[in-house]
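Each remark here refers to the structure printed beneath this line.
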Amino acid sequence: MRTPIPGRSRPARRTAAGALVAALLLPLLAGCGADAASGEDASGAASAPSEDVTAALEKNPALAKLLPEEVRKRGTLTLGASVGAAPSSYFPSASSRTLAGQDVDIADAVGKLLGVRLTRQQASFDAILPALGSGKYDVGTGNFGVTDERRKTIDFVTYINDGQGFAVREDDTSLGRVTRLDQLCGRSVGVGAGTTFESTLEAGKGVCAATGRKPYKVNVYSDNGSLLTSLQQNRVDVVMSTINGLRHQAAQPAAGTRFLNEYHRLDVGFAFTKGSPLPKAFQAAVNELIRNGTYGKILDKWGTRESAIEESLISPPEQK
């Protein structure tokens, strides 16, 4: 992935909607801290559904046997988790130190079926994948899209189908559906650091010059709160982030954002270092969750049923 080249931001012009969204984001910022960077997600919400849809799950001995013996004896796995926002993985309030979200519920459900406790360690999104190779984490979550480039060094177990989308301020009617990157020419686009959104825009930045138009600027942010606040304060014209995250954010009446459209779908999965012995067990557990109905309950809880998968796969080719 290329080194991000942040564009220069325009002077901030704080609107009333921007101030309100900034207030909505304060719980997330307070909970994340300076070193908990955003994953591929976006939201303006600070509450969480309280229903525990995984409470009835118990260890499945047949699935547990798929784990290496040393893991079964130890009974724990270290999970590197990036802190994003609803509906993926986020802190519901300023006082909360317990993550909530779709990724959290699915990971916890898998752990219950496999009979292991997932020791969750918060980490920045762009630090998790390299840390898998060093052995710091056994598995990573962060709404990681499955791409051919990532598959060179990472094994994935898919659990959701999300992807790339665009959003603008609610009162901005100058941009409609974005189906080609040259529609962004002359605009500033906000993305999270180390994401597929950043790499997609960097790879396509020559499209504007090819047609003699002013290039778009890519503004890279290390945390989700800064990205969304920059949109509301007119420092970026559009944000590129996850489909589910941007839809969730736009559905909040006070958020002041408008979801434009899906741009590119991607499978999302648990991440493992290449050659890890864990993917088969995780795949079998996700497929059991799909079979017994727990998977559907989790997606209904977080409003992401449209992103359901029919079967979990190990490192499938990137969706084109």
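A note on labels: chains of the structure tokens are A, B, ... as shown, every chain counts residues from 1, and ligands are counted from 1 in their shown order.
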
- Can you list every residue in range 189-257 of chain A that DSSP puts in alpha helix (DSSP H), as a PyMOL selection string? chain A and resi 196-203+207-210+224-232+243-250

- Apply DSSP to the backbone of this structure and, from range 46-140 of chain A, keep only the residues in strand (DSSP E); write these as a PyMOL selection string. chain A and resi 76-81+117-122+139-140

Could you please take those selected residues and save N, CA and C atoms as an mmCIF file, in the first residue's frame?
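Listed below is the output, again_0.cif:
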```
data_model
loop_
_atom_site.group_PDB
_atom_site.id
_atom_site.type_symbol
_atom_site.label_atom_id
_atom_site.label_comp_id
_atom_site.auth_asym_id
_atom_site.auth_seq_id
_atom_site.Cartn_x
_atom_site.Cartn_y
_atom_site.Cartn_z
ATOM 1 N N THR A 76 -7.368 -19.895 25.949
ATOM 2 C CA THR A 76 -7.477 -18.476 25.608
ATOM 3 C C THR A 76 -6.830 -18.210 24.253
ATOM 4 N N LEU A 77 -7.277 -17.162 23.610
ATOM 5 C CA LEU A 77 -6.671 -16.635 22.393
ATOM 6 C C LEU A 77 -6.595 -15.119 22.530
ATOM 7 N N THR A 78 -5.530 -14.525 22.046
ATOM 8 C CA THR A 78 -5.386 -13.072 22.103
ATOM 9 C C THR A 78 -5.912 -12.454 20.823
ATOM 10 N N LEU A 79 -6.868 -11.558 20.971
ATOM 11 C CA LEU A 79 -7.521 -10.932 19.832
ATOM 12 C C LEU A 79 -7.161 -9.446 19.788
ATOM 13 N N GLY A 80 -6.555 -9.006 18.697
ATOM 14 C CA GLY A 80 -6.289 -7.584 18.491
ATOM 15 C C GLY A 80 -7.503 -6.937 17.857
ATOM 16 N N ALA A 81 -8.088 -5.960 18.528
ATOM 17 C CA ALA A 81 -9.336 -5.355 18.058
ATOM 18 C C ALA A 81 -9.176 -3.855 17.893
ATOM 19 N N ARG A 117 -11.594 -18.456 25.704
ATOM 20 C CA ARG A 117 -11.840 -17.058 26.071
ATOM 21 C C ARG A 117 -10.972 -16.164 25.193
ATOM 22 N N LEU A 118 -11.599 -15.203 24.558
ATOM 23 C CA LEU A 118 -10.873 -14.262 23.710
ATOM 24 C C LEU A 118 -10.408 -13.085 24.570
ATOM 25 N N THR A 119 -9.107 -12.963 24.734
ATOM 26 C CA THR A 119 -8.548 -11.833 25.467
ATOM 27 C C THR A 119 -8.391 -10.687 24.481
ATOM 28 N N ARG A 120 -9.283 -9.703 24.587
ATOM 29 C CA ARG A 120 -9.339 -8.623 23.603
ATOM 30 C C ARG A 120 -8.385 -7.500 23.988
ATOM 31 N N GLN A 121 -7.473 -7.164 23.078
ATOM 32 C CA GLN A 121 -6.553 -6.050 23.270
ATOM 33 C C GLN A 121 -6.809 -5.002 22.194
ATOM 34 N N GLN A 122 -7.069 -3.774 22.632
ATOM 35 C CA GLN A 122 -7.350 -2.696 21.675
ATOM 36 C C GLN A 122 -6.065 -2.276 20.971
ATOM 37 N N VAL A 139 -5.434 -13.535 16.509
ATOM 38 C CA VAL A 139 -6.474 -13.196 15.542
ATOM 39 C C VAL A 139 -6.748 -11.701 15.634
ATOM 40 N N GLY A 140 -7.196 -11.120 14.548
ATOM 41 C CA GLY A 140 -7.503 -9.687 14.545
ATOM 42 C C GLY A 140 -8.882 -9.411 13.995
#
```

- Query: What lies within 12 Å of Pro317 in chain A using only C-alpha atoms, ignoring chain neighbours under 6 positions off, as JSON, numbers by chain?
  - Reply: {"A": [145, 146, 147, 148, 149, 150, 151, 152, 155, 156, 157, 158, 266, 267, 268]}

Write the residues of the preceding selection, restricted to N, CA and C atoms, as an mmCIF file, in the first residue's frame.
```
data_model
loop_
_atom_site.group_PDB
_atom_site.id
_atom_site.type_symbol
_atom_site.label_atom_id
_atom_site.label_comp_id
_atom_site.auth_asym_id
_atom_site.auth_seq_id
_atom_site.Cartn_x
_atom_site.Cartn_y
_atom_site.Cartn_z
ATOM 1 N N GLY A 145 -11.412 -5.774 5.243
ATOM 2 C CA GLY A 145 -11.855 -6.241 3.945
ATOM 3 C C GLY A 145 -10.862 -7.236 3.365
ATOM 4 N N VAL A 146 -11.380 -8.282 2.728
ATOM 5 C CA VAL A 146 -10.529 -9.305 2.124
ATOM 6 C C VAL A 146 -10.113 -8.841 0.732
ATOM 7 N N THR A 147 -8.852 -8.513 0.566
ATOM 8 C CA THR A 147 -8.326 -8.084 -0.731
ATOM 9 C C THR A 147 -7.218 -9.039 -1.159
ATOM 10 N N ASP A 148 -6.968 -9.075 -2.462
ATOM 11 C CA ASP A 148 -5.908 -9.952 -2.971
ATOM 12 C C ASP A 148 -4.544 -9.549 -2.425
ATOM 13 N N GLU A 149 -4.332 -8.246 -2.232
ATOM 14 C CA GLU A 149 -3.061 -7.776 -1.697
ATOM 15 C C GLU A 149 -2.875 -8.260 -0.259
ATOM 16 N N ARG A 150 -3.899 -8.153 0.545
ATOM 17 C CA ARG A 150 -3.792 -8.604 1.932
ATOM 18 C C ARG A 150 -3.647 -10.115 2.022
ATOM 19 N N ARG A 151 -4.249 -10.850 1.094
ATOM 20 C CA ARG A 151 -4.193 -12.312 1.149
ATOM 21 C C ARG A 151 -2.780 -12.857 0.936
ATOM 22 N N LYS A 152 -1.876 -12.017 0.477
ATOM 23 C CA LYS A 152 -0.495 -12.462 0.308
ATOM 24 C C LYS A 152 0.174 -12.774 1.643
ATOM 25 N N ASP A 155 -4.341 -14.686 6.299
ATOM 26 C CA ASP A 155 -5.458 -15.595 6.053
ATOM 27 C C ASP A 155 -6.706 -14.999 6.692
ATOM 28 N N PHE A 156 -7.833 -15.145 6.017
ATOM 29 C CA PHE A 156 -9.092 -14.584 6.505
ATOM 30 C C PHE A 156 -10.145 -15.678 6.667
ATOM 31 N N VAL A 157 -11.037 -15.459 7.617
ATOM 32 C CA VAL A 157 -12.252 -16.262 7.750
ATOM 33 C C VAL A 157 -13.417 -15.288 7.679
ATOM 34 N N THR A 158 -14.201 -15.367 6.622
ATOM 35 C CA THR A 158 -15.231 -14.354 6.379
ATOM 36 C C THR A 158 -16.425 -14.526 7.318
ATOM 37 N N LEU A 266 -17.048 -5.837 -0.405
ATOM 38 C CA LEU A 266 -15.913 -6.665 -0.018
ATOM 39 C C LEU A 266 -16.335 -7.621 1.094
ATOM 40 N N ASP A 267 -15.831 -8.855 1.024
ATOM 41 C CA ASP A 267 -15.984 -9.744 2.170
ATOM 42 C C ASP A 267 -15.136 -9.203 3.316
ATOM 43 N N VAL A 268 -15.616 -9.400 4.526
ATOM 44 C CA VAL A 268 -14.902 -8.973 5.728
ATOM 45 C C VAL A 268 -14.665 -10.199 6.592
#
```

- Find, counting only C-alpha atoms, the residue in A:Gly111, A:Gly194, A:Pro87, A:Gly186 that gets nearest to Ser124 in chain A.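 Closest residue, counting only C-alpha atoms: A:Gly194.
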
- Item | Atomic distance CA of Leu67 in chain A - CA of Ala281 in chain A, expressed in Å with one decimal |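 The value is 5.8 Å.
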